[in-house]
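As stored in data-v1.txt (compact mmCIF, C-alpha atoms):
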```txt
# COMPACT_ATOMS: atom_id res chain seq x y z
CA MET A 1 105.79 39.87 118.31
CA ARG A 2 108.73 39.19 116.04
CA HIS A 3 111.66 41.48 115.36
CA SER A 4 114.09 39.09 113.75
CA LEU A 5 117.40 40.22 112.27
CA GLY A 6 118.72 36.72 111.85
CA LEU A 7 121.69 37.64 114.05
CA ARG A 8 123.73 35.25 116.08
CA ARG A 9 123.70 35.57 119.84
CA VAL A 10 126.93 37.57 119.84
CA PHE A 11 126.98 39.99 116.94
CA VAL A 12 129.53 42.38 115.50
CA ILE A 13 128.65 45.69 113.85
CA PRO A 14 131.21 46.80 111.26
CA LEU A 15 132.39 50.39 111.44
CA ALA A 16 130.96 51.07 108.01
CA LEU A 17 127.50 50.03 109.19
CA ALA A 18 127.88 52.14 112.31
CA ALA A 19 128.63 55.15 110.13
CA CYS A 20 125.50 54.47 108.07
CA LEU A 21 123.44 54.28 111.22
CA ALA A 22 124.77 57.66 112.31
CA ALA A 23 123.70 59.11 109.00
CA ASN A 24 120.13 57.81 109.10
CA GLY A 25 119.49 58.57 112.76
CA THR A 26 119.07 55.02 114.09
CA GLY A 27 122.36 55.17 115.96
CA ALA A 28 125.81 56.66 115.76
CA ALA A 29 129.37 55.56 115.47
CA ALA A 30 131.81 56.69 118.10
CA PRO A 31 133.46 60.00 117.22
CA PRO A 32 137.24 60.14 116.75
CA GLY A 33 138.87 59.59 120.12
CA GLY A 34 135.60 58.35 121.66
CA GLY A 35 133.99 54.98 122.14
CA GLY A 36 136.28 53.84 124.94
CA GLU A 37 135.36 53.25 128.57
CA ARG A 38 135.79 55.45 131.62
CA THR A 39 135.31 54.60 135.29
CA ARG A 40 133.47 57.90 135.78
CA ILE A 41 131.92 60.38 133.35
CA ASP A 42 131.12 63.89 134.52
CA PHE A 43 127.52 64.94 133.98
CA ALA A 44 127.11 67.32 131.05
CA GLN A 45 124.24 68.78 129.07
CA ARG A 46 123.18 66.51 126.25
CA TYR A 47 120.17 68.48 124.98
CA ARG A 48 118.70 71.89 125.72
CA ALA A 49 115.73 73.79 124.23
CA LEU A 50 113.20 76.47 125.07
CA GLN A 51 110.07 75.56 123.14
CA HIS A 52 106.40 74.66 123.35
CA GLY A 53 106.50 70.95 124.15
CA GLY A 54 107.87 68.54 126.71
CA ILE A 55 109.77 65.34 127.44
CA VAL A 56 108.44 61.79 127.59
CA ARG A 57 110.28 58.53 128.05
CA ALA A 58 109.90 54.79 127.57
CA ALA A 59 111.75 52.34 129.81
CA ASN A 60 111.96 48.78 131.05
CA SER A 61 114.24 46.37 132.84
CA ALA A 62 116.19 43.66 131.02
CA ILE A 63 116.36 41.05 133.79
CA THR A 64 114.20 39.80 136.65
CA CYS A 65 114.16 37.13 139.33
CA ARG A 66 113.68 33.41 138.65
CA ARG A 67 113.79 31.96 142.15
CA ALA A 68 114.82 33.01 145.65
CA ILE A 69 118.26 31.97 146.90
CA ASP A 70 117.89 33.43 150.39
CA ARG A 71 115.35 31.37 152.34
CA THR A 72 114.22 34.46 154.25
CA ALA A 73 113.36 36.38 151.07
CA GLU A 74 109.89 36.81 149.64
CA SER A 75 109.02 34.61 146.69
CA CYS A 76 110.11 35.81 143.27
CA ALA A 77 106.51 36.34 142.13
CA ARG A 78 105.61 38.47 145.17
CA THR A 79 108.80 40.51 144.94
CA ARG A 80 108.58 41.45 141.28
CA GLY A 81 104.87 42.05 141.92
CA GLY A 82 105.80 44.92 144.22
CA ARG A 83 106.95 43.57 147.57
CA PRO A 84 110.31 44.73 149.02
CA GLY A 85 113.24 42.66 147.84
CA VAL A 86 116.79 42.94 146.50
CA ASN A 87 118.41 41.33 143.50
CA ASP A 88 121.19 39.57 145.43
CA ASP A 89 118.56 37.42 147.18
CA PHE A 90 117.58 35.82 143.85
CA ASP A 91 118.74 33.79 140.91
CA MET A 92 118.18 36.29 138.10
CA PHE A 93 117.23 35.52 134.51
CA TYR A 94 116.66 37.48 131.32
CA ILE A 95 113.38 39.06 130.33
CA ASP A 96 112.70 38.04 126.72
CA VAL A 97 109.28 39.06 125.39
CA ASP A 98 109.87 38.70 121.65
CA ASP A 99 109.67 35.41 119.72
CA ASP A 100 113.07 35.81 118.12
CA PRO A 101 115.38 32.90 119.05
CA ASN A 102 118.41 35.06 118.23
CA THR A 103 117.90 37.46 121.17
CA TYR A 104 118.69 36.53 124.76
CA ASN A 105 116.82 39.46 126.33
CA SER A 106 114.14 41.88 125.17
CA SER A 107 111.47 44.11 126.72
CA THR A 108 109.12 46.85 125.55
CA GLY A 109 108.11 50.31 126.67
CA GLU A 110 105.70 52.90 125.32
CA VAL A 111 106.57 56.33 123.94
CA ARG A 112 103.40 58.36 124.46
CA LEU A 113 103.51 61.63 122.52
CA PRO A 114 100.64 64.15 122.51
CA PRO A 115 98.84 64.41 119.14
CA HIS A 116 100.51 66.62 116.51
CA SER A 117 103.91 66.49 118.22
CA ARG A 118 107.25 66.56 116.42
CA VAL A 119 110.23 64.78 117.98
CA SER A 120 113.09 67.22 118.58
CA TYR A 121 115.55 64.80 120.12
CA ALA A 122 115.65 61.18 121.27
CA ARG A 123 118.37 59.27 123.07
CA LEU A 124 118.52 55.64 124.14
CA TYR A 125 120.34 54.74 127.37
CA TRP A 126 121.12 51.22 128.53
CA GLY A 127 123.21 49.66 131.28
CA GLY A 128 123.52 47.08 134.02
CA ASN A 129 125.80 44.84 136.04
CA LEU A 130 128.17 42.36 134.38
CA LYS A 131 129.51 40.66 137.51
CA VAL A 132 127.12 37.84 138.23
CA GLY A 133 127.16 34.28 136.91
CA GLU A 134 127.36 34.65 133.15
CA GLN A 135 129.95 36.81 131.42
CA LYS A 136 129.86 38.21 127.88
CA PRO A 137 132.47 40.29 126.02
CA PRO A 138 132.85 43.86 127.35
CA LYS A 139 132.58 45.10 123.76
CA ASP A 140 128.88 44.14 123.94
CA ASN A 141 128.37 47.00 126.42
CA GLY A 142 128.29 49.49 123.57
CA ARG A 143 125.60 48.01 121.35
CA VAL A 144 121.98 46.92 121.52
CA LEU A 145 119.03 46.30 119.20
CA ILE A 146 115.95 48.52 118.97
CA ALA A 147 112.68 48.02 117.10
CA GLU A 148 110.20 50.84 116.54
CA PRO A 149 106.43 50.14 116.77
CA GLY A 150 105.66 47.49 114.17
CA GLY A 151 109.26 47.43 112.93
CA ASN A 152 112.21 45.06 112.93
CA TYR A 153 115.32 45.21 115.05
CA LYS A 154 118.03 47.68 114.08
CA PRO A 155 121.51 47.68 115.65
CA VAL A 156 122.47 50.74 117.72
CA VAL A 157 126.07 51.58 118.59
CA ALA A 158 126.99 53.84 121.51
CA ASP A 159 128.19 57.21 120.21
CA THR A 160 129.99 58.34 123.39
CA PRO A 161 132.49 56.74 125.78
CA VAL A 162 130.88 54.00 127.86
CA GLY A 163 130.80 54.52 131.61
CA HIS A 164 132.17 51.33 133.17
CA ARG A 165 133.35 50.83 136.74
CA VAL A 166 134.32 47.74 138.72
CA THR A 167 134.01 48.25 142.47
CA ASP A 168 136.39 46.81 145.03
CA GLY A 169 135.76 43.68 147.05
CA THR A 170 134.50 40.19 146.36
CA ASP A 171 130.89 41.37 146.27
CA GLY A 172 131.57 44.47 144.18
CA ALA A 173 129.65 45.32 141.03
CA ASP A 174 130.80 45.62 137.42
CA ALA A 175 128.50 48.45 136.31
CA PHE A 176 128.17 50.26 133.00
CA GLN A 177 125.98 52.66 131.02
CA ALA A 178 126.02 53.45 127.30
CA SER A 179 123.87 55.64 125.05
CA ALA A 180 123.16 56.65 121.47
CA ASP A 181 121.23 59.29 119.53
CA VAL A 182 118.14 57.72 117.93
CA THR A 183 116.33 60.91 116.94
CA GLY A 184 115.79 59.92 113.32
CA LEU A 185 114.25 56.58 114.20
CA VAL A 186 111.85 57.95 116.82
CA ARG A 187 110.93 61.01 114.74
CA GLY A 188 109.89 58.73 111.89
CA ALA A 189 108.06 56.15 114.01
CA GLY A 190 106.37 58.36 116.62
CA SER A 191 104.28 57.02 119.48
CA GLY A 192 103.95 53.36 120.34
CA ALA A 193 105.77 50.39 121.87
CA TYR A 194 109.54 50.23 121.34
CA THR A 195 111.44 47.00 121.95
CA VAL A 196 115.06 46.97 123.10
CA ALA A 197 117.09 43.75 123.09
CA GLN A 198 120.58 42.44 123.81
CA VAL A 199 121.32 44.68 126.79
CA ASN A 200 124.59 43.27 128.11
CA VAL A 201 123.52 42.19 131.58
CA ALA A 202 124.83 39.07 133.27
CA MET A 203 122.32 36.58 134.64
CA GLY A 204 122.62 34.29 137.64
CA HIS A 205 123.34 34.96 141.30
CA SER A 206 126.12 36.70 143.19
CA LYS A 207 126.55 39.02 146.15
CA ALA A 208 126.67 41.91 143.67
CA GLY A 209 123.23 41.05 142.28
CA ALA A 210 122.06 41.20 138.68
CA TRP A 211 120.30 44.32 137.41
CA GLY A 212 119.92 46.44 134.30
CA GLY A 213 117.58 48.01 131.78
CA TRP A 214 117.05 50.76 129.24
CA THR A 215 115.41 54.19 128.93
CA LEU A 216 114.45 56.10 125.78
CA VAL A 217 114.24 59.86 126.49
CA VAL A 218 112.26 61.86 123.90
CA ALA A 219 111.95 65.67 123.68
CA TYR A 220 109.17 67.01 121.48
CA GLU A 221 107.67 70.21 120.09
CA ASN A 222 103.92 70.85 120.25
CA ALA A 223 102.31 74.25 119.60
CA ALA A 224 99.36 73.39 121.87
CA GLU A 225 101.58 72.93 124.95
CA PRO A 226 103.08 75.59 127.27
CA LEU A 227 106.50 77.10 126.67
CA ARG A 228 109.01 75.00 128.61
CA HIS A 229 112.68 74.68 129.33
CA LEU A 230 113.73 71.18 128.19
CA ALA A 231 117.05 69.70 129.24
CA VAL A 232 118.75 66.30 129.28
CA TRP A 233 121.97 65.75 131.21
CA ASP A 234 123.90 62.49 131.37
CA GLY A 235 127.06 61.02 132.80
CA PHE A 236 128.05 58.04 134.94
CA ASP A 237 128.79 58.30 138.64
CA SER A 238 128.30 56.36 141.83
CA THR A 239 126.46 57.42 144.94
CA GLY A 240 126.46 55.74 148.33
CA GLU A 241 130.06 54.57 148.17
CA GLN A 242 131.88 55.97 151.21
CA GLY A 243 129.03 58.41 151.73
CA HIS A 244 129.35 59.93 148.23
CA ARG A 245 126.39 62.03 147.05
CA HIS A 246 125.70 63.36 143.61
CA ALA A 247 124.27 66.65 142.36
CA VAL A 248 123.51 67.77 138.80
CA ARG A 249 123.09 71.51 138.27
CA MET A 250 120.99 72.01 135.14
CA ARG A 251 122.22 75.44 134.05
CA GLY A 252 119.57 77.65 132.52
CA VAL A 253 116.64 75.60 133.83
CA PRO A 254 114.62 77.47 136.52
CA ARG A 255 113.35 75.84 139.70
CA GLY A 256 110.11 77.62 140.50
CA THR A 257 107.64 77.28 137.64
CA GLY A 258 106.62 73.61 137.93
CA GLY A 259 106.98 70.69 135.54
CA ILE A 260 108.69 67.29 135.73
CA ALA A 261 112.13 65.93 136.57
CA GLY A 262 113.38 62.47 135.59
CA VAL A 263 116.18 60.26 136.91
CA VAL A 264 117.75 57.02 135.64
CA ALA A 265 119.71 55.08 138.28
CA TYR A 266 121.03 51.57 138.82
CA ASP A 267 120.98 49.14 141.77
CA GLY A 268 118.52 50.93 144.00
CA ASP A 269 116.89 48.37 146.32
CA ARG A 270 113.26 48.44 147.39
CA GLY A 271 112.89 48.39 151.15
CA ARG A 272 116.40 49.62 152.01
CA ARG A 273 115.84 53.11 153.37
CA GLY A 274 118.11 56.11 152.90
CA ASP A 275 117.91 56.67 149.12
CA THR A 276 116.76 60.20 148.35
CA VAL A 277 116.16 62.38 145.29
CA GLY A 278 115.57 66.09 145.73
CA VAL A 279 115.77 69.45 143.98
CA SER A 280 117.05 72.86 144.97
CA ALA A 281 117.99 76.18 143.40
CA GLY A 282 120.57 78.72 144.46
CA GLY A 283 121.12 78.47 148.18
CA ALA A 284 117.60 77.22 148.95
CA ARG A 285 117.00 74.04 150.89
CA THR A 286 116.60 70.75 149.04
CA VAL A 287 112.98 69.69 148.50
CA PRO A 288 112.45 65.90 148.30
CA LEU A 289 111.01 64.48 145.09
CA THR A 290 108.41 61.93 146.12
CA ASP A 291 105.15 60.40 144.94
CA ASP A 292 103.00 57.32 145.54
CA ALA A 293 105.58 55.05 143.89
CA ASN A 294 108.69 56.59 145.44
CA PRO A 295 108.80 57.25 149.22
CA ALA A 296 110.93 60.22 150.24
CA ASP A 297 113.43 57.96 152.06
CA ASP A 298 113.41 55.14 149.46
CA ALA A 299 113.33 57.02 146.16
CA LEU A 300 115.73 54.64 144.38
CA ASN A 301 113.46 51.68 144.93
CA SER A 302 113.47 49.73 141.66
CA THR A 303 110.56 51.49 139.95
CA ILE A 304 109.62 52.75 136.51
CA SER A 305 107.11 55.46 137.32
CA GLU A 306 105.66 58.73 136.07
CA PRO A 307 102.79 61.09 136.92
CA GLY A 308 99.36 60.18 135.58
CA THR A 309 98.50 57.00 133.70
CA PRO A 310 101.50 54.62 133.69
CA ILE A 311 103.18 53.95 130.37
CA ARG A 312 102.56 50.50 128.96
CA ARG A 313 105.43 48.05 129.35
CA ASN A 314 105.97 44.37 128.72
CA PRO A 315 106.59 43.05 131.26
CA ALA A 316 105.21 45.65 133.69
CA TYR A 317 106.74 44.39 136.94
CA PRO A 318 106.29 46.96 139.74
CA ASN A 319 109.63 45.92 141.29
CA THR A 320 112.39 45.90 138.67
CA LEU A 321 114.94 44.57 141.17
CA GLY A 322 117.58 47.22 140.62
CA TYR A 323 116.56 49.55 137.78
CA ASP A 324 115.04 53.00 138.33
CA SER A 325 113.64 55.21 135.58
CA ASP A 326 111.39 57.66 137.41
CA VAL A 327 109.63 60.87 136.39
CA PHE A 328 108.66 63.10 139.32
CA PRO A 329 106.23 66.03 139.34
CA LEU A 330 107.87 69.37 140.12
CA ALA A 331 105.64 71.63 142.17
CA LYS A 332 105.73 75.37 141.68
CA SER A 333 108.00 77.12 144.14
CA PRO A 334 108.30 80.73 145.31
CA ASP A 335 112.06 80.37 144.78
CA ARG A 336 112.57 81.31 141.13
CA HIS A 337 116.25 82.22 141.47
CA GLY A 338 119.06 79.91 140.51
CA ASP A 339 119.36 76.84 138.34
CA LEU A 340 117.47 73.63 139.02
CA THR A 341 119.79 71.20 140.82
CA VAL A 342 118.88 67.52 141.22
CA ARG A 343 120.51 65.88 144.24
CA LEU A 344 120.79 62.14 144.89
CA ALA A 345 122.03 60.22 147.92
CA SER A 346 121.94 56.55 148.91
CA GLN A 347 123.11 54.36 151.76
CA ASP A 348 124.22 51.51 149.50
CA PRO A 349 126.28 51.87 146.33
CA ALA A 350 124.19 52.92 143.33
CA TRP A 351 124.94 54.51 139.96
CA VAL A 352 123.35 57.56 138.38
CA GLY A 353 123.23 57.88 134.59
CA VAL A 354 120.61 60.40 133.40
CA VAL A 355 118.77 63.45 134.70
CA PHE A 356 116.20 65.33 132.60
CA ALA A 357 113.61 68.06 133.15
CA ALA A 358 110.76 69.93 131.46
CA VAL A 359 110.03 73.11 133.39
CA GLY A 360 107.51 75.85 132.61
CA ALA A 361 108.88 79.14 131.27
CA LYS A 362 107.24 82.51 131.85
CA ARG A 363 107.73 85.54 129.60
```
File written out as structure tokens:
Amino acid sequence: MRHSLGLRRVFVIPLALAACLAANGTGAAAPPGGGGERTRIDFAQRYRALQHGGIVRAANSAITCRRAIDRTAESCARTRGGRPGVNDDFDMFYIDVDDDPNTYNSSTGEVRLPPHSRVSYARLYWGGNLKVGEQKPPKDNGRVLIAEPGGNYKPVVADTPVGHRVTDGTDGADAFQASADVTGLVRGAGSGAYTVAQVNVAMGHSKAGAWGGWTLVVAYENAAEPLRHLAVWDGFDSTGEQGHRHAVRMRGVPRGTGGIAGVVAYDGDRGRRGDTVGVSAGGARTVPLTDDANPADDALNSTISEPGTPIRRNPAYPNTLGYDSDVFPLAKSPDRHGDLTVRLASQDPAWVGVVFAAVGAKR
């Protein structure tokens, strides 16, 4: 594939162009007073609807292993093929699936919409770790390239403050997440393979490990589908540091009627137990979210997974070595009181960036 823009490796997007992108729906300029960086961003509702339809997402990692540094580790090929393994055991290198010499990383993921659907809302999230071997300007955190199916790259500028936190210690991480509204682009292009490039992730090896990727969350309307509560919440917060846990209460979204719940998280390691994702409502107990790809005690395990037939990705490594974009099935529950709350916990430091849900509504 080729998605050339003729850009140099480090590119600058003028404010005037960013404003144009906001107008045509391919991205958005930062609002007045926004566009800076914060060490923590409280989770808040980004999108909410009650309509016949659902939520789908495309996702992929931006970096993978090149060779093992730790002699006791599995080989790179076996690890990214699905074996347990952690990014700090490897020399990490960019994924770059396009044939554009001007991009240093690129990967694809499929948006799979049911026939006759109309996109209501679409948002692109990207993030990773900057503290490895190679360093690029922090200003690159807030911009990426995206190409719709069959299209050329278009620059996207983050339209909210960027979450960016440097942890303490010599082996601490330098983690960030950014996002932008891309509703116009996805509404016009529809289903198919989207390519995202130039995610600012550092390559190489360090105790912090290299990790990162992107997720495109798409809400849609479809008259043939059940009435559902659709909600997307985002923020930027750590879990696992000093025992810190994280919970997102999705106000107005019920717990008991079944559906799906999705989570985007960073630096979850496959094979290190103690990472959990669960849901609750009101004062009810937390029910673990688990499936064949995500064990109950290792839910943040470097996977991009969803119920049913997997979305197509290039590459489609089972172990992303530090990037989770998972969609879990929500079983029906007798507890229909209270808002759906997604709870995350981990033994090692990890970062949570997005939570979304599509839950059946009864009238």
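Taking all atoms listed in the file into account, A:Val132 lies nearest to A:Met92 out of the set A:Met92, A:Ala77, A:Val157, A:Ile41.
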Once you count only C-alpha atoms, what closest atom pair and distance in Å to one decimal does each residue of stretch 172-221 of chain A within 10 Å of stretch 237-252 of chain A have, with rows by chain and rising residue number, as a Markdown table?
```
| residue | atom | partner | partner_atom | distance |
| --- | --- | --- | --- | --- |
| A:Ala175 | CA | A:Ser238 | CA | 9.6 |
| A:Phe176 | CA | A:Asp237 | CA | 9.8 |
| A:Gln177 | CA | A:Asp237 | CA | 9.9 |
```
So that I can check the surroundings of A:Gly259, please list as a PyMOL selection string every protein, DNA and RNA residue that reaches within 6 Å of it, counting all atoms listed in the file and ignoring chain neighbours fewer than 5 positions away. chain A and resi 330+358-360
Best match for closeness to A:Gly150 among A:Ala193, A:Leu50, A:Leu113, A:Leu289, counting only C-alpha atoms: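 Checking each candidate against A:Gly150, we get A:Ala193 as the closest.
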A:Asn87: which residues within 10 Å, counting all atoms listed in the file, same-chain residues fewer than 3 positions away excluded, as a PyMOL selection string? chain A and resi 63-65+68-69+76+79+90-92+205-211+267-270+302+320-322
Work out how far atom CA of A:Gly338 is from atom CA of A:Val355, in Å to one decimal. 17.5 Å
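Comparing the minimum interatomic distances between A:Glu37 and each of A:Ala189, A:Ala59, A:Val162, A:Val287, counting only C-alpha atoms, we find that A:Val162 sits nearest.
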Neighbours of A:Asp174 within 12 Å (only C-alpha atoms; same-chain residues fewer than 4 positions away dropped), as a PyMOL selection string? chain A and resi 39+127-133+135+138+141+163-170+200-202+206-212+238+266-267+349-351
Those residues you just picked out, can you put them in a file as a PDB file, in the coordinates of the input with C-alpha atoms?
```
ATOM      1  CA  THR A  39     135.310  54.600 135.290  1.00  0.00           C
ATOM      2  CA  GLY A 127     123.210  49.660 131.280  1.00  0.00           C
ATOM      3  CA  GLY A 128     123.520  47.080 134.020  1.00  0.00           C
ATOM      4  CA  ASN A 129     125.800  44.840 136.040  1.00  0.00           C
ATOM      5  CA  LEU A 130     128.170  42.360 134.380  1.00  0.00           C
ATOM      6  CA  LYS A 131     129.510  40.660 137.510  1.00  0.00           C
ATOM      7  CA  VAL A 132     127.120  37.840 138.230  1.00  0.00           C
ATOM      8  CA  GLY A 133     127.160  34.280 136.910  1.00  0.00           C
ATOM      9  CA  GLN A 135     129.950  36.810 131.420  1.00  0.00           C
ATOM     10  CA  PRO A 138     132.850  43.860 127.350  1.00  0.00           C
ATOM     11  CA  ASN A 141     128.370  47.000 126.420  1.00  0.00           C
ATOM     12  CA  GLY A 163     130.800  54.520 131.610  1.00  0.00           C
ATOM     13  CA  HIS A 164     132.170  51.330 133.170  1.00  0.00           C
ATOM     14  CA  ARG A 165     133.350  50.830 136.740  1.00  0.00           C
ATOM     15  CA  VAL A 166     134.320  47.740 138.720  1.00  0.00           C
ATOM     16  CA  THR A 167     134.010  48.250 142.470  1.00  0.00           C
ATOM     17  CA  ASP A 168     136.390  46.810 145.030  1.00  0.00           C
ATOM     18  CA  GLY A 169     135.760  43.680 147.050  1.00  0.00           C
ATOM     19  CA  THR A 170     134.500  40.190 146.360  1.00  0.00           C
ATOM     20  CA  ASN A 200     124.590  43.270 128.110  1.00  0.00           C
ATOM     21  CA  VAL A 201     123.520  42.190 131.580  1.00  0.00           C
ATOM     22  CA  ALA A 202     124.830  39.070 133.270  1.00  0.00           C
ATOM     23  CA  SER A 206     126.120  36.700 143.190  1.00  0.00           C
ATOM     24  CA  LYS A 207     126.550  39.020 146.150  1.00  0.00           C
ATOM     25  CA  ALA A 208     126.670  41.910 143.670  1.00  0.00           C
ATOM     26  CA  GLY A 209     123.230  41.050 142.280  1.00  0.00           C
ATOM     27  CA  ALA A 210     122.060  41.200 138.680  1.00  0.00           C
ATOM     28  CA  TRP A 211     120.300  44.320 137.410  1.00  0.00           C
ATOM     29  CA  GLY A 212     119.920  46.440 134.300  1.00  0.00           C
ATOM     30  CA  SER A 238     128.300  56.360 141.830  1.00  0.00           C
ATOM     31  CA  TYR A 266     121.030  51.570 138.820  1.00  0.00           C
ATOM     32  CA  ASP A 267     120.980  49.140 141.770  1.00  0.00           C
ATOM     33  CA  PRO A 349     126.280  51.870 146.330  1.00  0.00           C
ATOM     34  CA  ALA A 350     124.190  52.920 143.330  1.00  0.00           C
ATOM     35  CA  TRP A 351     124.940  54.510 139.960  1.00  0.00           C
TER      36      TRP A 351
END
```
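Among the candidates A:Gly36, A:Arg66, A:Thr276, A:Val218, the one nearest to A:Gly204 when counting all atoms listed in the file is A:Arg66.
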Mind pulling up the distance from atom CA of A:Arg38 to atom CA of A:Phe236? 8.8 Å
With only C-alpha atoms as the counted atoms, please give the residues lying no more than 9 Å from A:Trp233, apart from itself and same-chain residues fewer than 5 positions off, as a compact mmCIF listing (two decimals) with C-alpha atoms, keeping the file's coordinate frame.
```txt
# COMPACT_ATOMS: atom_id res chain seq x y z
CA PHE A 43 127.52 64.94 133.98
CA ALA A 44 127.11 67.32 131.05
CA GLN A 45 124.24 68.78 129.07
CA ARG A 46 123.18 66.51 126.25
CA TYR A 47 120.17 68.48 124.98
CA ARG A 48 118.70 71.89 125.72
CA VAL A 248 123.51 67.77 138.80
CA MET A 250 120.99 72.01 135.14
CA GLY A 353 123.23 57.88 134.59
CA VAL A 354 120.61 60.40 133.40
CA VAL A 355 118.77 63.45 134.70
CA PHE A 356 116.20 65.33 132.60
CA ALA A 357 113.61 68.06 133.15
```
Kindly provide, as JSON, the centre and edge lengths (Å, one decimal) of an axis-aligned box around all atoms of stretch 42-57 of chain A given in the file, with 4 Å on each side.
```
{"center_x": 118.8, "center_y": 67.5, "center_z": 128.8, "size_x": 32.7, "size_y": 25.9, "size_z": 19.4}
```
Distance query A:Glu306 at most 7 Å, all atoms listed in the file, self and fewer than 5 positions along chain excluded, as number ranges by chain: A: 326-328
